[in-house]
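Here is the structure we will look at.
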Amino acid sequence: MRSFRLLPLLLLPFVVGQSLNSTSITPSSSPASSTSSSTSSGATTTLSISLPTTSHTPTSYLATETGPLTLPISEYPFSPFPTPSTAPDPPIYPVTDPWYPPPVTPDPQIVPDFGPAWAAAYTKAKTLIANFTVWDKVNLTTGINGRCVGNIGPVGDFPGLCLEDSPLGVRFAADVTSFPAGITTASTWNRALMRTRGLYMGQEFKGKGAHMALGPMMNMGRIAQGGRNWEGFGADPFLSGEAAFETILGMQAGGVQATAKHYINNEQEWKRTQESSNVDDRTEHEIYAQPFMRSVMAGVSSIMCSYNLVNDSYACNNNKTLNDMMKREFGFQGFIMSDWAATTETLSAVAGLDMNMPGGVLFGENSTYSSYFGGNLTAFVMNDTISMARLDDMATRIVAAWYYLHQDEYYPPVSFNSNDPLDPSTNPYVNVQANHSKVVRQIAAGGIVLLKNEGVLPLDKPRSIVLVGSDAAPPISGPNEYVDQGGDPTGILAMGWGSGTDNFTYLISPYEAIQARARWDQTSVSWDFDDWDLDSAGNDVIDKEVAIVFVNSDSGEGYITVDGNAGDRQNLTAWHQGDQLILAVAAQNNNTIVVTNSVGPLILEPWVEHPNVTAIVWASLGGNEAGNGIVDVLYGEWNPSGRLPYTIAKNVSDYPAQPVFGGTATDILSINYTEGLYIDYRWFDYKNITPRYEFGFGLSYTTFAYSDLQIQKVEPVVDSADTWLIDNWENGGASPIAEGSTTALWLHVPAYQVTFNVRNEGSLYGGEIPQLYLHHPASANEPPSILKGFTNVALEPGQTGMDATEWDDRVFGRGEQQGL
């Protein structure tokens, strides 16, 4: 018998007296309408800095009434935020160095205390900058041009910083790994894989000389069409928070500074610099801020603020989200940087911004001549508009983060040139891949979700297989045929497009992986990679034992437009007439298996119930080893254990929110988060909408049974000084407004333990993902069901494991718990 324990994360408490300058928003009675169209065969790719305003199907939109709110010119005194004062309390709250985080476990019982590490780093930072001039300190806050996508120049004994994308690997560098995307990693629901992926990425960034990795990304999948959803961890704040937590612990153990982005409410790409995400305070805390709070608990070094406005104030100029929430409420001790060219004024420093990237007002501008920081920040400090104490705080935070990761103790030199990745003089050979392909393959397989199986999988030495669809093939011109992957894919889709990519060193397609397996099994293999000749595809599959159709759907960052998709997807249909291709094959072969590589949900209704579609393998974005991961699942080398990190609906209109398109060149769009707490599965539960496949769904080649459910109260083990806080909360009182009030230990220790047995009742070894959902009474005004815990267990046939799951009763904020 194996024992597993689990400590789930809390919802951020709603604190009385806080406001996000918006009224409370209740869910609308009907979701917005949307349009859907097939992707044409004549795909085109456009790269531009400014977003087009007319290429989308027109939809209704609203412009903000007043435009962005700004700070007036005045004198702004400053006092540094006090450091949260919770004392270490091992073994629950042990002193932790970012190089040596608590060991990964399916049962996280430890809240790491990074306070002493930050305190030591602050002492060193203050000593270093003590003799810096105003200009020296300003230079620490202002990006300059250099070999990395972001650069801070050397100042005195400080060597400067190299900041580099992306959330899945070192962008613009050779001899690096292309890890599976964040959405694939979340689909594993496996903390060990999340942590190991983070560790290996951190090692690669450090090995290449990058001090800061610009990831992970943790914006919520609020809209299914969101262009960058694939970079993040799905549509649930708890799952996203846990994935962010493990990723950051891993990355910083690898020696690189991690960056939690994009803070906050950057859930669509269309007009991302000209839209206001209007969110009520409770929804902001319980949904969108939770992964960032969890990142702070992981000891993250930096936060990147986003392009959009939040309640009419730009996110990088928003005193509420930067100062009050992040630095005061979360007790964040690192620094906040802007997204690239997201700074809108010098007084953003007063609102909480510490570093301006890439330095100039616009992309590519030299910050010496054009910057909201740089000379303007110097002038504002010299004339007392911005206090010297605030500049000291900015500089201290930046240098402290460098000390905090021990980057003063020897750090490799930068060995790549993001401006010219092919220049041999600035791209010396430094191979950092090691054996990382092993975990890439494990995540590629572990992130696959088996949606349907009529007993045809796993494959067992079939006599003949035919592969249909370009997604089965290697890309025609190699794996890096488009800059930033920004083009219509001609082969397997293994990552989306935009700055969240890196360059493949190699890419294994299903064609190559299946060929290798067929050689071993002596299976006859044929293929047809033409997506558009449906007659040929239908004829090619006749009399084949197995027909596997590969389809995909792509999206990315809004500076690249692919076939009319300016980042966000225009529809939720498979690209390259994938639905028609599947139907053409299924019409001629009664054992049609569909494999999907997609950035997010698709509408599967045209073919999902076709009697000849015998299996559906949801493969997401598998990185370098995508093809091998798919074959491992098809042949049973990996018993599928992935679970959906979002809901797959029957209709686009079933989702609670849709992209807001339209707008003129000068409009600021209003994006009202009217669904409130009811995103993704919470909405489906609330509205009693039946999805095609629910959040958390996934099949296995074996079966599991649950039994002996028990719930026990856990007496809190916290400092006696916190006992009154627990009593106050349990009696209905609000938590106090104080530094670190949301990350305080008393909010995160276990309060209840749920135990149950899991038994493998099938004939194959396999993994199961137990999930804990809390159900509230209607009086609590909470969604009907909320994910509050998960773990992973692997069992031999006939083996039983006991799971012990712990959660905190103070995490729900609005009402009493009703049941599981």
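To be explicit about the labels: the chains of the structure tokens are called A, B, and onward in the order shown, and within each one the residues are counted from 1, while ligands get numbers from 1 in the order they are shown.
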Shell around Ser418 in chain A at 9 Å using only C-alpha atoms, local window under 6 positions removed, as a list in words: Gly146, Arg147, Cys148, Val149, Glu164, Arg171, Phe172 and Ala173 of chain A
Selection to disk with N, CA and C atoms, as a CSV table (one decimal), in the first residue's frame:
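Just written: selection04.csv:
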```
chain,number,residue,atom,x,y,z
A,146,GLY,N,21.3,45.3,-26.5
A,146,GLY,CA,22.4,44.3,-26.2
A,146,GLY,C,22.1,43.0,-26.9
A,147,ARG,N,22.8,42.0,-26.5
A,147,ARG,CA,22.7,40.7,-27.2
A,147,ARG,C,21.5,39.9,-26.8
A,148,CYS,N,20.9,40.2,-25.6
A,148,CYS,CA,19.7,39.5,-25.2
A,148,CYS,C,18.4,40.3,-25.5
A,149,VAL,N,17.2,39.8,-25.3
A,149,VAL,CA,16.0,40.5,-25.7
A,149,VAL,C,15.9,41.7,-24.7
A,164,GLU,N,16.0,37.0,-21.0
A,164,GLU,CA,15.7,36.3,-22.3
A,164,GLU,C,14.4,35.5,-22.2
A,171,ARG,N,15.0,31.3,-26.1
A,171,ARG,CA,14.7,31.9,-27.4
A,171,ARG,C,15.9,32.4,-28.1
A,172,PHE,N,15.9,32.3,-29.4
A,172,PHE,CA,17.0,32.8,-30.3
A,172,PHE,C,18.4,32.2,-30.0
A,173,ALA,N,18.4,31.0,-29.4
A,173,ALA,CA,19.7,30.4,-29.1
A,173,ALA,C,19.7,29.0,-29.8
```
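Excluding Gly254 in chain A itself and any same-chain residue fewer than 2 positions from it, the protein and nucleic acid residues within 10 Å of it, counting only C-alpha atoms, are A:Pro98, A:Trp99, A:Tyr100, A:Thr196, A:Gly198, A:Leu199, A:Tyr200, A:Met201, A:Gly202, A:Gln203, A:Glu204, A:Phe205, A:Lys206, A:Gly207, A:Ile248, A:Leu249, A:Gly250, A:Met251, A:Gln252, A:Val256, A:Gln257, A:Leu405.
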All strand (DSSP E) positions in range 176-380 of chain A, as a ChimeraX atom specification: /A:212-213,257-263,275-278,302-305,309-310,313-314,335-338
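Comparing A:Asn383, A:Leu747, A:Ala258, A:Glu284 by their smallest distance to Ile336 in chain A, the closest is A:Ala258 (using only C-alpha atoms).
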Which residue of A:His406, A:Lys137, A:Lys208, A:His576 approaches Thr490 in chain A most closely, using only C-alpha atoms: A:His576
Report the closest atom pair, with its distance in Å rounded to one decimal, for each residue of range 149-247 of chain A that has an atom no farther than 8 Å from range 672-687 of chain A; count only C-alpha atoms, sort by chain and then rising residue number, and write it as a Markdown table.
```
| residue | atom | partner | partner_atom | distance |
| --- | --- | --- | --- | --- |
| A:Arg222 | CA | A:Ile679 | CA | 6.2 |
| A:Ala235 | CA | A:Asp680 | CA | 6.2 |
| A:Asp236 | CA | A:Asp680 | CA | 7.6 |
```
Polymer residues at most 9 Å from Met293 in chain A, only C-alpha atoms, same-chain spacing of 2 or more positions, as an MDAnalysis selection string: chainID A and resid 12 241 289:291 295:298 326 330 332 742:743
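Among A:Glu269, A:Glu605, A:Asp384, A:Glu275, the residue with the shortest atom-to-atom distance to Gly226 in chain A, counting only C-alpha atoms, is A:Glu269.
The neighbours of Thr426 in chain A here are the residues that come within 10 Å of it, using only C-alpha atoms and leaving out any residue fewer than 2 positions away in the same chain; they are Arg147, Val414, Ser415, Phe416, Asn417, Ser418, Asn419, Asp420, Pro421, Leu422, Asp423, Pro424, Pro428 and Tyr429 of chain A.
With only C-alpha atoms as the atoms that count, the minimum distance from Gly798 in chain A to the choices A:Ser763, A:Ser620, A:Gln710, A:Asn431 is reached by A:Ser763.
In this comparison, which uses only C-alpha atoms, the residue of A:Thr96, A:Ser301, A:Gln580, A:Thr368 approaching Leu604 in chain A most closely is A:Gln580.
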Proximity to Val749 in chain A - best of A:Ile110, A:Met218, A:Ala445, A:Ala734, only C-alpha atoms: A:Ile110
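CA of Ser387 in chain A sits 27.4 Å away from CA of His262 in chain A.
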Exercise: Pro112 in chain A partners within 10 Å, only C-alpha atoms, chain neighbours under 6 positions left out, as a VMD selection string: chain A and resid 88 to 98 101 to 102 249 297 to 299 745
Requested write-out: N, CA, C and O atoms of the selected residues, as a PDB file, in the first residue's frame:
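Contents of result-v9.pdb, as written:
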```pdb
ATOM      1  N   PRO A  88      10.161  31.599  10.932  1.00  0.00           N
ATOM      2  CA  PRO A  88      10.275  30.221  10.444  1.00  0.00           C
ATOM      3  C   PRO A  88       9.675  29.238  11.448  1.00  0.00           C
ATOM      4  O   PRO A  88       9.779  29.424  12.653  1.00  0.00           O
ATOM      5  N   ASP A  89       9.026  28.198  10.938  1.00  0.00           N
ATOM      6  CA  ASP A  89       8.372  27.226  11.802  1.00  0.00           C
ATOM      7  C   ASP A  89       8.502  25.840  11.177  1.00  0.00           C
ATOM      8  O   ASP A  89       7.543  25.280  10.659  1.00  0.00           O
ATOM      9  N   PRO A  90       9.741  25.278  11.194  1.00  0.00           N
ATOM     10  CA  PRO A  90       9.920  23.961  10.590  1.00  0.00           C
ATOM     11  C   PRO A  90       9.161  22.893  11.388  1.00  0.00           C
ATOM     12  O   PRO A  90       8.933  23.082  12.587  1.00  0.00           O
ATOM     13  N   PRO A  91       8.736  21.795  10.743  1.00  0.00           N
ATOM     14  CA  PRO A  91       9.015  21.434   9.346  1.00  0.00           C
ATOM     15  C   PRO A  91       8.033  22.006   8.341  1.00  0.00           C
ATOM     16  O   PRO A  91       8.236  21.867   7.134  1.00  0.00           O
ATOM     17  N   ILE A  92       6.957  22.666   8.833  1.00  0.00           N
ATOM     18  CA  ILE A  92       5.948  23.170   7.895  1.00  0.00           C
ATOM     19  C   ILE A  92       6.457  24.390   7.152  1.00  0.00           C
ATOM     20  O   ILE A  92       6.194  24.563   5.962  1.00  0.00           O
ATOM     21  N   TYR A  93       7.215  25.240   7.821  1.00  0.00           N
ATOM     22  CA  TYR A  93       7.634  26.525   7.249  1.00  0.00           C
ATOM     23  C   TYR A  93       9.137  26.688   7.439  1.00  0.00           C
ATOM     24  O   TYR A  93       9.605  27.515   8.212  1.00  0.00           O
ATOM     25  N   PRO A  94       9.929  25.883   6.731  1.00  0.00           N
ATOM     26  CA  PRO A  94      11.376  25.895   6.957  1.00  0.00           C
ATOM     27  C   PRO A  94      12.081  26.996   6.181  1.00  0.00           C
ATOM     28  O   PRO A  94      11.636  27.405   5.098  1.00  0.00           O
ATOM     29  N   VAL A  95      13.193  27.456   6.719  1.00  0.00           N
ATOM     30  CA  VAL A  95      14.059  28.391   5.993  1.00  0.00           C
ATOM     31  C   VAL A  95      14.531  27.726   4.712  1.00  0.00           C
ATOM     32  O   VAL A  95      14.987  26.580   4.715  1.00  0.00           O
ATOM     33  N   THR A  96      14.389  28.444   3.584  1.00  0.00           N
ATOM     34  CA  THR A  96      14.650  27.843   2.278  1.00  0.00           C
ATOM     35  C   THR A  96      15.485  28.771   1.422  1.00  0.00           C
ATOM     36  O   THR A  96      15.238  29.977   1.380  1.00  0.00           O
ATOM     37  N   ASP A  97      16.463  28.218   0.755  1.00  0.00           N
ATOM     38  CA  ASP A  97      17.260  28.933  -0.241  1.00  0.00           C
ATOM     39  C   ASP A  97      16.711  28.572  -1.617  1.00  0.00           C
ATOM     40  O   ASP A  97      16.360  27.418  -1.859  1.00  0.00           O
ATOM     41  N   PRO A  98      16.618  29.522  -2.548  1.00  0.00           N
ATOM     42  CA  PRO A  98      16.038  29.195  -3.868  1.00  0.00           C
ATOM     43  C   PRO A  98      16.797  28.115  -4.612  1.00  0.00           C
ATOM     44  O   PRO A  98      16.213  27.435  -5.465  1.00  0.00           O
ATOM     45  N   PRO A 101      15.140  24.106  -2.933  1.00  0.00           N
ATOM     46  CA  PRO A 101      13.735  24.105  -2.513  1.00  0.00           C
ATOM     47  C   PRO A 101      13.348  22.778  -1.874  1.00  0.00           C
ATOM     48  O   PRO A 101      14.099  21.789  -1.979  1.00  0.00           O
ATOM     49  N   PRO A 102      12.217  22.716  -1.215  1.00  0.00           N
ATOM     50  CA  PRO A 102      11.753  21.430  -0.659  1.00  0.00           C
ATOM     51  C   PRO A 102      11.628  20.401  -1.781  1.00  0.00           C
ATOM     52  O   PRO A 102      11.320  20.750  -2.925  1.00  0.00           O
ATOM     53  N   LEU A 249       9.957  26.967  -8.611  1.00  0.00           N
ATOM     54  CA  LEU A 249      10.904  26.294  -7.723  1.00  0.00           C
ATOM     55  C   LEU A 249      11.979  25.579  -8.536  1.00  0.00           C
ATOM     56  O   LEU A 249      13.165  25.613  -8.194  1.00  0.00           O
ATOM     57  N   MET A 297       4.873  32.860  -3.283  1.00  0.00           N
ATOM     58  CA  MET A 297       5.152  31.841  -2.274  1.00  0.00           C
ATOM     59  C   MET A 297       6.276  30.902  -2.718  1.00  0.00           C
ATOM     60  O   MET A 297       6.962  30.305  -1.885  1.00  0.00           O
ATOM     61  N   ALA A 298       6.479  30.779  -4.030  1.00  0.00           N
ATOM     62  CA  ALA A 298       7.586  29.981  -4.552  1.00  0.00           C
ATOM     63  C   ALA A 298       8.893  30.756  -4.554  1.00  0.00           C
ATOM     64  O   ALA A 298       9.923  30.221  -4.981  1.00  0.00           O
ATOM     65  N   GLY A 299       8.863  32.010  -4.099  1.00  0.00           N
ATOM     66  CA  GLY A 299      10.082  32.814  -4.034  1.00  0.00           C
ATOM     67  C   GLY A 299      10.491  33.423  -5.347  1.00  0.00           C
ATOM     68  O   GLY A 299      11.673  33.693  -5.565  1.00  0.00           O
ATOM     69  N   LEU A 745       1.329  32.477   6.821  1.00  0.00           N
ATOM     70  CA  LEU A 745       1.364  31.032   7.008  1.00  0.00           C
ATOM     71  C   LEU A 745       0.030  30.477   7.483  1.00  0.00           C
ATOM     72  O   LEU A 745      -0.404  29.403   7.054  1.00  0.00           O
TER      73      LEU A 745
END
```
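By chain and then residue number, the residues within 9 Å of Gly629 in chain A are Val440, Arg441, Gln442, Ile443, Ala444, Ala445, Gly446, Gly447, Ile448, Pro510, Ala513, Ala619, Gly622, Glu625, Val633, Leu634 and Trp638 of chain A, counting only C-alpha atoms and disregarding those fewer than 4 positions away in sequence.
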Residues from the last selection, all heavy atoms, saved as a short mmCIF file (atom, residue, chain, number, x, y, z; two decimals), in the first residue's frame:
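Final output, saved to out-v8.cif:
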```cif
data_model
loop_
_atom_site.label_atom_id
_atom_site.label_comp_id
_atom_site.auth_asym_id
_atom_site.auth_seq_id
_atom_site.Cartn_x
_atom_site.Cartn_y
_atom_site.Cartn_z
N VAL A 440 11.37 15.71 -21.70
CA VAL A 440 10.52 16.25 -22.77
C VAL A 440 9.59 15.16 -23.28
O VAL A 440 8.38 15.37 -23.45
CB VAL A 440 11.37 16.83 -23.91
CG1 VAL A 440 10.50 17.20 -25.11
CG2 VAL A 440 12.14 18.05 -23.44
N ARG A 441 10.15 13.98 -23.52
CA ARG A 441 9.35 12.87 -24.01
C ARG A 441 8.33 12.43 -22.96
O ARG A 441 7.18 12.11 -23.30
CB ARG A 441 10.25 11.71 -24.41
CG ARG A 441 9.53 10.53 -25.03
CD ARG A 441 10.51 9.56 -25.66
NE ARG A 441 9.84 8.42 -26.27
CZ ARG A 441 10.44 7.55 -27.10
NH1 ARG A 441 11.73 7.71 -27.39
NH2 ARG A 441 9.75 6.55 -27.62
N GLN A 442 8.72 12.42 -21.70
CA GLN A 442 7.80 12.02 -20.63
C GLN A 442 6.63 12.99 -20.53
O GLN A 442 5.48 12.57 -20.36
CB GLN A 442 8.55 11.94 -19.31
CG GLN A 442 9.51 10.77 -19.21
CD GLN A 442 10.32 10.79 -17.93
OE1 GLN A 442 10.37 11.81 -17.24
NE2 GLN A 442 10.95 9.68 -17.61
N ILE A 443 6.91 14.28 -20.63
CA ILE A 443 5.83 15.27 -20.55
C ILE A 443 4.97 15.22 -21.81
O ILE A 443 3.73 15.34 -21.73
CB ILE A 443 6.40 16.68 -20.33
CG1 ILE A 443 7.09 16.76 -18.96
CG2 ILE A 443 5.29 17.73 -20.41
CD1 ILE A 443 7.83 18.06 -18.72
N ALA A 444 5.61 15.03 -22.98
CA ALA A 444 4.84 14.92 -24.21
C ALA A 444 3.84 13.77 -24.12
O ALA A 444 2.69 13.88 -24.56
CB ALA A 444 5.77 14.72 -25.39
N ALA A 445 4.27 12.64 -23.51
CA ALA A 445 3.37 11.50 -23.32
C ALA A 445 2.43 11.72 -22.15
O ALA A 445 1.22 11.48 -22.24
CB ALA A 445 4.18 10.22 -23.12
N GLY A 446 2.97 12.20 -21.03
CA GLY A 446 2.17 12.38 -19.83
C GLY A 446 1.12 13.46 -19.97
O GLY A 446 0.11 13.45 -19.25
N GLY A 447 1.33 14.40 -20.90
CA GLY A 447 0.36 15.46 -21.13
C GLY A 447 -0.72 15.09 -22.12
O GLY A 447 -1.65 15.87 -22.37
N ILE A 448 -0.64 13.92 -22.72
CA ILE A 448 -1.66 13.47 -23.67
C ILE A 448 -2.90 13.02 -22.91
O ILE A 448 -2.81 12.28 -21.93
CB ILE A 448 -1.12 12.34 -24.56
CG1 ILE A 448 -0.09 12.91 -25.56
CG2 ILE A 448 -2.25 11.63 -25.31
CD1 ILE A 448 0.58 11.87 -26.41
N PRO A 510 5.27 12.48 -35.79
CA PRO A 510 4.65 11.15 -35.70
C PRO A 510 5.07 10.22 -36.83
O PRO A 510 5.23 9.01 -36.62
CB PRO A 510 3.16 11.46 -35.75
CG PRO A 510 3.05 12.85 -35.21
CD PRO A 510 4.28 13.55 -35.71
N ALA A 513 8.39 8.73 -35.81
CA ALA A 513 8.27 7.86 -34.65
C ALA A 513 7.50 6.58 -34.99
O ALA A 513 7.87 5.49 -34.53
CB ALA A 513 7.58 8.62 -33.51
N ALA A 619 -3.22 15.53 -27.97
CA ALA A 619 -1.77 15.54 -27.73
C ALA A 619 -1.19 16.92 -27.45
O ALA A 619 0.02 17.03 -27.20
CB ALA A 619 -1.06 14.92 -28.93
N GLY A 622 3.89 19.08 -27.90
CA GLY A 622 4.83 18.21 -27.23
C GLY A 622 6.29 18.57 -27.30
O GLY A 622 7.12 17.82 -26.79
N GLU A 625 10.14 16.25 -28.69
CA GLU A 625 9.84 14.83 -28.73
C GLU A 625 8.35 14.56 -28.96
O GLU A 625 7.84 13.49 -28.59
CB GLU A 625 10.28 14.18 -27.42
CG GLU A 625 11.77 14.23 -27.18
CD GLU A 625 12.53 13.20 -27.99
OE1 GLU A 625 11.94 12.15 -28.32
OE2 GLU A 625 13.71 13.44 -28.30
N VAL A 633 2.07 6.69 -26.29
CA VAL A 633 0.70 6.49 -25.84
C VAL A 633 -0.05 5.56 -26.79
O VAL A 633 -0.78 4.67 -26.35
CB VAL A 633 -0.02 7.84 -25.70
CG1 VAL A 633 -1.52 7.65 -25.51
CG2 VAL A 633 0.56 8.63 -24.52
N LEU A 634 0.12 5.74 -28.10
CA LEU A 634 -0.60 4.88 -29.05
C LEU A 634 -0.29 3.41 -28.84
O LEU A 634 -1.18 2.55 -28.98
CB LEU A 634 -0.25 5.28 -30.49
CG LEU A 634 -0.80 6.61 -31.01
CD1 LEU A 634 -0.25 6.89 -32.40
CD2 LEU A 634 -2.33 6.60 -31.04
N TRP A 638 3.35 4.25 -22.62
CA TRP A 638 2.92 5.15 -21.55
C TRP A 638 1.41 5.02 -21.47
O TRP A 638 0.69 5.39 -22.39
CB TRP A 638 3.33 6.58 -21.83
CG TRP A 638 3.01 7.54 -20.71
CD1 TRP A 638 1.78 8.00 -20.34
CD2 TRP A 638 3.94 8.14 -19.81
NE1 TRP A 638 1.87 8.85 -19.26
CE2 TRP A 638 3.19 8.95 -18.92
CE3 TRP A 638 5.33 8.09 -19.66
CZ2 TRP A 638 3.79 9.70 -17.90
CZ3 TRP A 638 5.92 8.83 -18.64
CH2 TRP A 638 5.16 9.62 -17.77
#
```
